[in-house]
Amino acid sequence: MHSTKSSEGTSKASTAEARIKPLVFYGSVVGIVLFSLWAMIFTEQAIGVINEVLSWISGSFGWFYFLAIVAYLIFVILVAISKFGDIKLGPDHSEPDFNIVTWAAMLFSAGIGIDLIFYCIVEPVTQFMEPPVGEGGSIEAARHAMALTFLHWGLSGWGVYTLVGMSLAFFSYRHGLPLTIRSALYPLFGKRIYGSLGNTVDIAAVLGTVFGVATSLGIGIIQLNYGLQYMFGIPEGIFTQSLLALMIVVFAAFSAATGVERGIRRLSEFNMLLAIVLMLYVLITGKTRFLLDAFVTNIGDYLQNFIGLSFNTYPFAPPTDWLNAWTLFFWAWWIAWGPFVGLFLARISRGRTIRAFVIGTLILPFTFMAAWMAIMGNSAIDMVMGGATEFGTQAVEKPGSAIYLFLEQLPWSMLTTIAVTILSIVFFVTSGDSGSLVLSNLTIRLEDPNQDAEPWMRILWAAIIGIVTIALLMTGGLSALQGAVVIMGLPFAIVLLLIMLGLYKALQLEKLKSASMQESLSGHLSGRTISREGHTNWAQRLSRAISFPTFKQVETFIQRTIQPAFEAMKQKLEEEEYPVSIAGDEGDNLHLELNVDLGGEVDFTYQVWPRQCSMPAFTLRAEQPRSSYYRLEPHLREGGLTYDLMGYTREQVISDIVDHFEAHLQYLHMRRERAARNTGEEGEPGSA
């Protein structure tokens, strides 16, 4: 059955409902543990191999990363502005589970929020003082530094998240497939996604997620370690960093165990508020007019030079080390985080249209990131241009110190330093707990995409992330973290191209289904309101329109009218040798459903669900006033319809089922005709 209930108040899956995917779980864990042990024991060898593979990938596939990132962004924008933009990521009747503010906070904090603290000073100052081409320290270098910063943190990266999140939400919440990466490939490979092909894709997603999250945590730990040394004299080094990693894992595991509704949601809202306060503080206490002018200029430079920057691989004077440390690293990093953040975005975005989802995930985070980077980055560049060259040199040579040295130049530095430390720690926790939640859901089978893995699984993955973080820190700190991400991002970059093709194919089928409904509409309208004597049954229609039944009345109607109608349909279809089943539930989960097995084609499903509604103010009732009444609404595979079945006769209910069954058969006919013109069609999502 395809659930038509809201996902609000999500639940944890029981042991019976959640089963480990053996190959994905054990294959990923064994590979990660072996890598971690190798990196810890044979550190020098690990450093050499990582650097060698990094050089090969950057030399052979750097161009591919540049093209792929642009392709992802163009694709999601075209889908949003096309006829597909009105399709909901979930059933047609579903509504968003979170308001826009909470949703924005969660998608921002689950993104690369932890690294905004690290790079908001480091990147602008580094690009200003040591640009990839040209002379550093000039006004042109300052503008180009901010344009590069906007490129690395702007729309391009969020296009990756949007693509993955949109695909997973569409296939899981609209078509009932598992909330996992392999589901997005169903239109291309059909049921083969449940075999070795799907396992390989999910393992690639797990590895990319683990190394992506570990890289962010490692970068943040380097910065936090300096902050603790700056404030309390705690020494820098791998021992302190390992203790910090363990501490963060404990907090992340605890937060993940509390679930999205309480832990991740509340921490995300707190983090966003604290980050905005810190940004406004820098804006107000700094050169406010200059920063606002620079922000506008930065936006213009970014938009004007977006195409040139996005395709500039520096072929004539290749700054190989710069590309590996910056653009290639960032593109691979966004891709490696794709399955993690994309799955998390899907998890919190059920009920939004594709257009609203794309606009929200591209514009909301970018708006904050642009403001954050412009205010912090331009302030830092202005300090260097004003004579604080020692600050600039230290920020480039010792990136972990940059944010603290920057705040030292402003009033109330101790207070802001404490605020940044708190912000960093909470960003650690939101990234760690989101990562462990997503990894858990990737490595088990969940019957319902609205459910999450049990707490023990999330705690285990939080611990694994911590181990990988420590291993990467031991192999060379920041450079090893960056190299590992570039390497692990490549396989999933290819998977993302397949996800694009699969989603486009599925969206075409979705619109084909809508067209089939329109073409068969004339048959739906025949005889609906005509009595047996041949007269329009207006009295029955009026009676239904002014009726506001109780839950008990709906329950009785299902038993006396809907059930017999379903049984009549079942009997007739079984006479034609169609396998038919009727299922349902009572009490709070009251519903009834009719399922027709169409063999290799897409099965037909017709359900009825009661929906509680507020009593309208215009009702005149002699009995005790009630605050609510119930409608009985039909639901198809695509979600709930908007009309009420209460008061229908048995024959009218049967007619309604037949109408939708005819429309479904019309859709299957149109799809077969289309497949005949385009060979190789595998079917549609959810036909398994």
# chains A, B, ... in the order shown; residues from 1 in each chain; ligands from 1

call {"tool": "select_by_dssp", "arguments": {"residues": "range 12-59 of chain A", "states": "strand (DSSP E)", "output": "list in words"}}
result
Lys12, Ala18, Arg19 and Ile20 of chain A

call {"tool": "residues_around", "arguments": {"residues": "Thr556 in chain A", "least_positions_apart": "5", "cutoff": "12 Å", "atoms": "only C-alpha atoms", "output": "VMD selection string"}}
result
chain A and resid 549 to 551 561 to 563 586 590 to 591 610 632 646 to 647

call {"tool": "write_last_selection", "arguments": {"atoms": "all heavy atoms", "output": "CSV table (one decimal), in the first residue's frame"}}
result
chain,number,residue,atom,x,y,z
A,549,PRO,N,-21.0,14.9,8.5
A,549,PRO,CA,-21.1,13.7,9.3
A,549,PRO,C,-20.0,13.6,10.4
A,549,PRO,O,-19.0,14.2,10.3
A,549,PRO,CB,-20.9,12.6,8.2
A,549,PRO,CG,-20.1,13.2,7.1
A,549,PRO,CD,-20.6,14.6,7.1
A,550,THR,N,-20.3,12.7,11.3
A,550,THR,CA,-19.3,12.4,12.4
A,550,THR,C,-18.4,11.3,12.0
A,550,THR,O,-18.7,10.6,10.9
A,550,THR,CB,-20.1,12.0,13.7
A,550,THR,OG1,-20.8,10.8,13.5
A,550,THR,CG2,-21.0,13.1,14.1
A,551,PHE,N,-17.4,11.0,12.8
A,551,PHE,CA,-16.5,9.9,12.5
A,551,PHE,C,-17.3,8.6,12.5
A,551,PHE,O,-17.1,7.7,11.6
A,551,PHE,CB,-15.4,9.9,13.5
A,551,PHE,CG,-14.3,8.8,13.2
A,551,PHE,CD1,-13.3,9.1,12.2
A,551,PHE,CD2,-14.4,7.6,13.8
A,551,PHE,CE1,-12.4,8.1,12.0
A,551,PHE,CE2,-13.4,6.6,13.5
A,551,PHE,CZ,-12.4,6.9,12.6
A,561,THR,N,-21.7,0.9,2.6
A,561,THR,CA,-21.7,1.3,1.2
A,561,THR,C,-20.4,1.0,0.5
A,561,THR,O,-20.4,0.4,-0.6
A,561,THR,CB,-22.1,2.8,1.1
A,561,THR,OG1,-23.3,3.0,1.7
A,561,THR,CG2,-22.1,3.2,-0.4
A,562,ILE,N,-19.3,1.5,1.1
A,562,ILE,CA,-18.0,1.3,0.4
A,562,ILE,C,-17.6,-0.1,0.3
A,562,ILE,O,-17.1,-0.6,-0.8
A,562,ILE,CB,-16.9,2.1,1.1
A,562,ILE,CG1,-17.3,3.6,1.2
A,562,ILE,CG2,-15.6,2.0,0.4
A,562,ILE,CD1,-17.4,4.3,-0.1
A,563,GLN,N,-17.7,-0.9,1.4
A,563,GLN,CA,-17.3,-2.3,1.4
A,563,GLN,C,-18.1,-3.1,0.4
A,563,GLN,O,-17.5,-3.8,-0.4
A,563,GLN,CB,-17.5,-2.9,2.8
A,563,GLN,CG,-17.1,-4.3,3.0
A,563,GLN,CD,-15.6,-4.5,3.2
A,563,GLN,OE1,-14.9,-3.7,3.7
A,563,GLN,NE2,-15.1,-5.6,2.6
A,586,GLU,N,-9.1,-0.2,11.0
A,586,GLU,CA,-10.2,0.4,11.8
A,586,GLU,C,-9.6,1.4,12.8
A,586,GLU,O,-8.4,1.5,12.9
A,586,GLU,CB,-11.0,-0.6,12.5
A,586,GLU,CG,-11.7,-1.6,11.5
A,586,GLU,CD,-12.5,-2.7,12.3
A,586,GLU,OE1,-12.3,-2.8,13.5
A,586,GLU,OE2,-13.2,-3.5,11.7
A,590,LEU,N,-8.5,4.3,10.3
A,590,LEU,CA,-9.6,3.8,9.4
A,590,LEU,C,-9.4,4.2,8.0
A,590,LEU,O,-9.2,5.3,7.6
A,590,LEU,CB,-10.9,4.5,9.9
A,590,LEU,CG,-12.1,4.1,9.1
A,590,LEU,CD1,-12.5,2.7,9.3
A,590,LEU,CD2,-13.3,5.0,9.6
A,591,HIS,N,-9.5,3.1,7.1
A,591,HIS,CA,-9.4,3.3,5.7
A,591,HIS,C,-9.8,2.0,5.0
A,591,HIS,O,-9.8,0.9,5.7
A,591,HIS,CB,-8.1,3.8,5.2
A,591,HIS,CG,-7.0,2.7,5.3
A,591,HIS,ND1,-6.4,2.4,6.4
A,591,HIS,CD2,-6.5,1.9,4.3
A,591,HIS,CE1,-5.5,1.4,6.2
A,591,HIS,NE2,-5.5,1.1,4.9
A,610,PRO,N,-10.9,8.8,5.7
A,610,PRO,CA,-11.6,9.9,6.3
A,610,PRO,C,-10.7,11.1,6.6
A,610,PRO,O,-9.5,10.8,7.0
A,610,PRO,CB,-12.2,9.3,7.6
A,610,PRO,CG,-11.4,8.1,7.9
A,610,PRO,CD,-10.8,7.7,6.6
A,632,LEU,N,-15.0,11.9,3.4
A,632,LEU,CA,-14.5,10.6,3.0
A,632,LEU,C,-13.9,10.7,1.6
A,632,LEU,O,-14.7,10.8,0.6
A,632,LEU,CB,-15.5,9.5,3.1
A,632,LEU,CG,-15.0,8.0,2.8
A,632,LEU,CD1,-14.0,7.6,3.9
A,632,LEU,CD2,-16.1,7.0,2.8
A,646,MET,N,-19.0,10.8,0.8
A,646,MET,CA,-20.1,10.6,1.7
A,646,MET,C,-21.5,10.9,1.1
A,646,MET,O,-21.6,12.0,0.5
A,646,MET,CB,-19.9,11.5,3.0
A,646,MET,CG,-18.9,11.0,3.9
A,646,MET,SD,-19.3,9.4,4.6
A,646,MET,CE,-20.8,9.7,5.6
A,647,GLY,N,-22.4,10.0,1.2
A,647,GLY,CA,-23.7,10.2,0.6
A,647,GLY,C,-23.9,9.5,-0.8
A,647,GLY,O,-25.0,9.5,-1.3

call {"tool": "atom_distance", "arguments": {"atom1": "CA of Phe557 in chain A", "atom2": "CA of Asp597 in chain A"}}
result
26.2 Å

call {"tool": "closest_atom_pairs", "arguments": {"of": "range 332-426 of chain A", "to": "range 54-69 of chain A", "cutoff": "10 Å", "atoms": "only C-alpha atoms", "output": "CSV"}}
result
residue,atom,partner,partner_atom,distance
A:Ala332,CA,A:Tyr65,CA,7.3
A:Trp334,CA,A:Ile69,CA,9.1
A:Ile335,CA,A:Ile69,CA,8.4

call {"tool": "residues_around", "arguments": {"residues": "Ile425 in chain A", "least_positions_apart": "5", "cutoff": "10 Å", "atoms": "only C-alpha atoms", "output": "list in words"}}
result
Ile114, Leu217, Gly220, Ile221, Leu224, Leu244, Met247, Ile248, Phe251, Asn271, Ala419, Val420, Thr430 and Ser431 of chain A

call {"tool": "write_last_selection", "arguments": {"atoms": "N, CA, C and O atoms", "output": "PDB file, in the first residue's frame"}}
result
ATOM      1  N   ILE A 114      28.776  23.931   8.800  1.00  0.00           N
ATOM      2  CA  ILE A 114      29.926  23.837   9.694  1.00  0.00           C
ATOM      3  C   ILE A 114      31.158  24.508   9.097  1.00  0.00           C
ATOM      4  O   ILE A 114      31.985  25.083   9.811  1.00  0.00           O
ATOM      5  N   LEU A 217      33.811  17.624   9.496  1.00  0.00           N
ATOM      6  CA  LEU A 217      34.121  17.560  10.924  1.00  0.00           C
ATOM      7  C   LEU A 217      35.611  17.784  11.168  1.00  0.00           C
ATOM      8  O   LEU A 217      36.001  18.473  12.116  1.00  0.00           O
ATOM      9  N   GLY A 220      36.417  21.448  10.786  1.00  0.00           N
ATOM     10  CA  GLY A 220      35.911  22.166  11.940  1.00  0.00           C
ATOM     11  C   GLY A 220      36.713  21.907  13.198  1.00  0.00           C
ATOM     12  O   GLY A 220      36.909  22.807  14.028  1.00  0.00           O
ATOM     13  N   ILE A 221      37.192  20.673  13.363  1.00  0.00           N
ATOM     14  CA  ILE A 221      37.982  20.327  14.549  1.00  0.00           C
ATOM     15  C   ILE A 221      39.317  21.066  14.540  1.00  0.00           C
ATOM     16  O   ILE A 221      39.796  21.518  15.590  1.00  0.00           O
ATOM     17  N   LEU A 224      38.383  24.450  15.732  1.00  0.00           N
ATOM     18  CA  LEU A 224      37.997  24.451  17.141  1.00  0.00           C
ATOM     19  C   LEU A 224      39.208  24.245  18.039  1.00  0.00           C
ATOM     20  O   LEU A 224      39.297  24.846  19.121  1.00  0.00           O
ATOM     21  N   LEU A 244      38.375  15.818  20.723  1.00  0.00           N
ATOM     22  CA  LEU A 244      37.267  16.643  20.235  1.00  0.00           C
ATOM     23  C   LEU A 244      36.341  15.836  19.325  1.00  0.00           C
ATOM     24  O   LEU A 244      35.113  15.970  19.391  1.00  0.00           O
ATOM     25  N   MET A 247      34.179  13.646  21.454  1.00  0.00           N
ATOM     26  CA  MET A 247      33.163  14.428  22.149  1.00  0.00           C
ATOM     27  C   MET A 247      32.013  14.798  21.208  1.00  0.00           C
ATOM     28  O   MET A 247      30.829  14.683  21.555  1.00  0.00           O
ATOM     29  N   ILE A 248      32.370  15.220  19.998  1.00  0.00           N
ATOM     30  CA  ILE A 248      31.349  15.617  19.029  1.00  0.00           C
ATOM     31  C   ILE A 248      30.503  14.421  18.618  1.00  0.00           C
ATOM     32  O   ILE A 248      29.279  14.521  18.454  1.00  0.00           O
ATOM     33  N   PHE A 251      27.808  13.800  21.284  1.00  0.00           N
ATOM     34  CA  PHE A 251      26.703  14.747  21.174  1.00  0.00           C
ATOM     35  C   PHE A 251      25.864  14.476  19.927  1.00  0.00           C
ATOM     36  O   PHE A 251      24.628  14.555  19.963  1.00  0.00           O
ATOM     37  N   ASN A 271      21.009  27.342  15.666  1.00  0.00           N
ATOM     38  CA  ASN A 271      22.225  27.655  14.927  1.00  0.00           C
ATOM     39  C   ASN A 271      22.017  28.788  13.928  1.00  0.00           C
ATOM     40  O   ASN A 271      22.851  29.680  13.787  1.00  0.00           O
ATOM     41  N   ALA A 419      30.945  32.927  21.131  1.00  0.00           N
ATOM     42  CA  ALA A 419      29.790  32.686  20.260  1.00  0.00           C
ATOM     43  C   ALA A 419      30.179  31.822  19.063  1.00  0.00           C
ATOM     44  O   ALA A 419      29.446  30.897  18.684  1.00  0.00           O
ATOM     45  N   VAL A 420      31.352  32.111  18.461  1.00  0.00           N
ATOM     46  CA  VAL A 420      31.809  31.321  17.316  1.00  0.00           C
ATOM     47  C   VAL A 420      32.102  29.884  17.734  1.00  0.00           C
ATOM     48  O   VAL A 420      31.803  28.934  17.000  1.00  0.00           O
ATOM     49  N   THR A 430      24.862  19.186  14.368  1.00  0.00           N
ATOM     50  CA  THR A 430      23.824  19.080  13.342  1.00  0.00           C
ATOM     51  C   THR A 430      24.320  18.331  12.109  1.00  0.00           C
ATOM     52  O   THR A 430      23.568  17.587  11.485  1.00  0.00           O
ATOM     53  N   SER A 431      25.586  18.506  11.753  1.00  0.00           N
ATOM     54  CA  SER A 431      26.133  17.753  10.623  1.00  0.00           C
ATOM     55  C   SER A 431      26.310  16.288  10.984  1.00  0.00           C
ATOM     56  O   SER A 431      25.991  15.394  10.196  1.00  0.00           O
TER      57      SER A 431
END

call {"tool": "closest_atom_pairs", "arguments": {"of": "range 74-187 of chain A", "to": "range 16-39 of chain A", "cutoff": "12 Å", "atoms": "only C-alpha atoms", "output": "Markdown table"}}
result
| residue | atom | partner | partner_atom | distance |
| --- | --- | --- | --- | --- |
| A:Pro178 | CA | A:Ala18 | CA | 11.6 |
| A:Thr180 | CA | A:Val24 | CA | 11.5 |
| A:Ile181 | CA | A:Val24 | CA | 11.8 |
| A:Arg182 | CA | A:Val24 | CA | 11.4 |

call {"tool": "write_last_selection", "arguments": {"atoms": "all heavy atoms", "output": "mmCIF file, in the first residue's frame"}}
result
data_model
loop_
_atom_site.group_PDB
_atom_site.id
_atom_site.type_symbol
_atom_site.label_atom_id
_atom_site.label_comp_id
_atom_site.auth_asym_id
_atom_site.auth_seq_id
_atom_site.Cartn_x
_atom_site.Cartn_y
_atom_site.Cartn_z
ATOM 1 N N PRO A 178 11.676 2.907 -1.795
ATOM 2 C CA PRO A 178 12.474 3.188 -0.589
ATOM 3 C C PRO A 178 13.208 4.527 -0.701
ATOM 4 O O PRO A 178 13.611 4.936 -1.783
ATOM 5 C CB PRO A 178 13.471 2.017 -0.548
ATOM 6 C CG PRO A 178 12.826 0.935 -1.345
ATOM 7 C CD PRO A 178 12.043 1.623 -2.420
ATOM 8 N N THR A 180 16.065 5.842 -0.730
ATOM 9 C CA THR A 180 17.477 5.518 -0.892
ATOM 10 C C THR A 180 17.908 5.858 -2.313
ATOM 11 O O THR A 180 17.060 6.011 -3.204
ATOM 12 C CB THR A 180 17.733 4.032 -0.579
ATOM 13 O OG1 THR A 180 19.127 3.752 -0.618
ATOM 14 C CG2 THR A 180 17.003 3.144 -1.567
ATOM 15 N N ILE A 181 19.208 5.982 -2.520
ATOM 16 C CA ILE A 181 19.718 6.477 -3.802
ATOM 17 C C ILE A 181 19.305 5.584 -4.968
ATOM 18 O O ILE A 181 18.977 6.065 -6.061
ATOM 19 C CB ILE A 181 21.252 6.598 -3.749
ATOM 20 C CG1 ILE A 181 21.670 7.558 -2.635
ATOM 21 C CG2 ILE A 181 21.806 7.088 -5.081
ATOM 22 C CD1 ILE A 181 21.165 8.967 -2.784
ATOM 23 N N ARG A 182 19.307 4.287 -4.756
ATOM 24 C CA ARG A 182 19.008 3.370 -5.862
ATOM 25 C C ARG A 182 17.614 3.603 -6.450
ATOM 26 O O ARG A 182 17.388 3.333 -7.636
ATOM 27 C CB ARG A 182 19.154 1.924 -5.392
ATOM 28 C CG ARG A 182 18.079 1.463 -4.422
ATOM 29 C CD ARG A 182 18.205 0.000 -4.110
ATOM 30 N NE ARG A 182 19.337 -0.281 -3.238
ATOM 31 C CZ ARG A 182 19.803 -1.507 -3.004
ATOM 32 N NH1 ARG A 182 19.247 -2.550 -3.592
ATOM 33 N NH2 ARG A 182 20.815 -1.705 -2.181
#

call {"tool": "atom_distance", "arguments": {"atom1": "CA of Asp644 in chain A", "atom2": "CA of Pro616 in chain A"}}
result
15.5 Å

call {"tool": "atom_distance", "arguments": {"atom1": "CA of Arg672 in chain A", "atom2": "CA of Phe604 in chain A"}}
result
16.2 Å
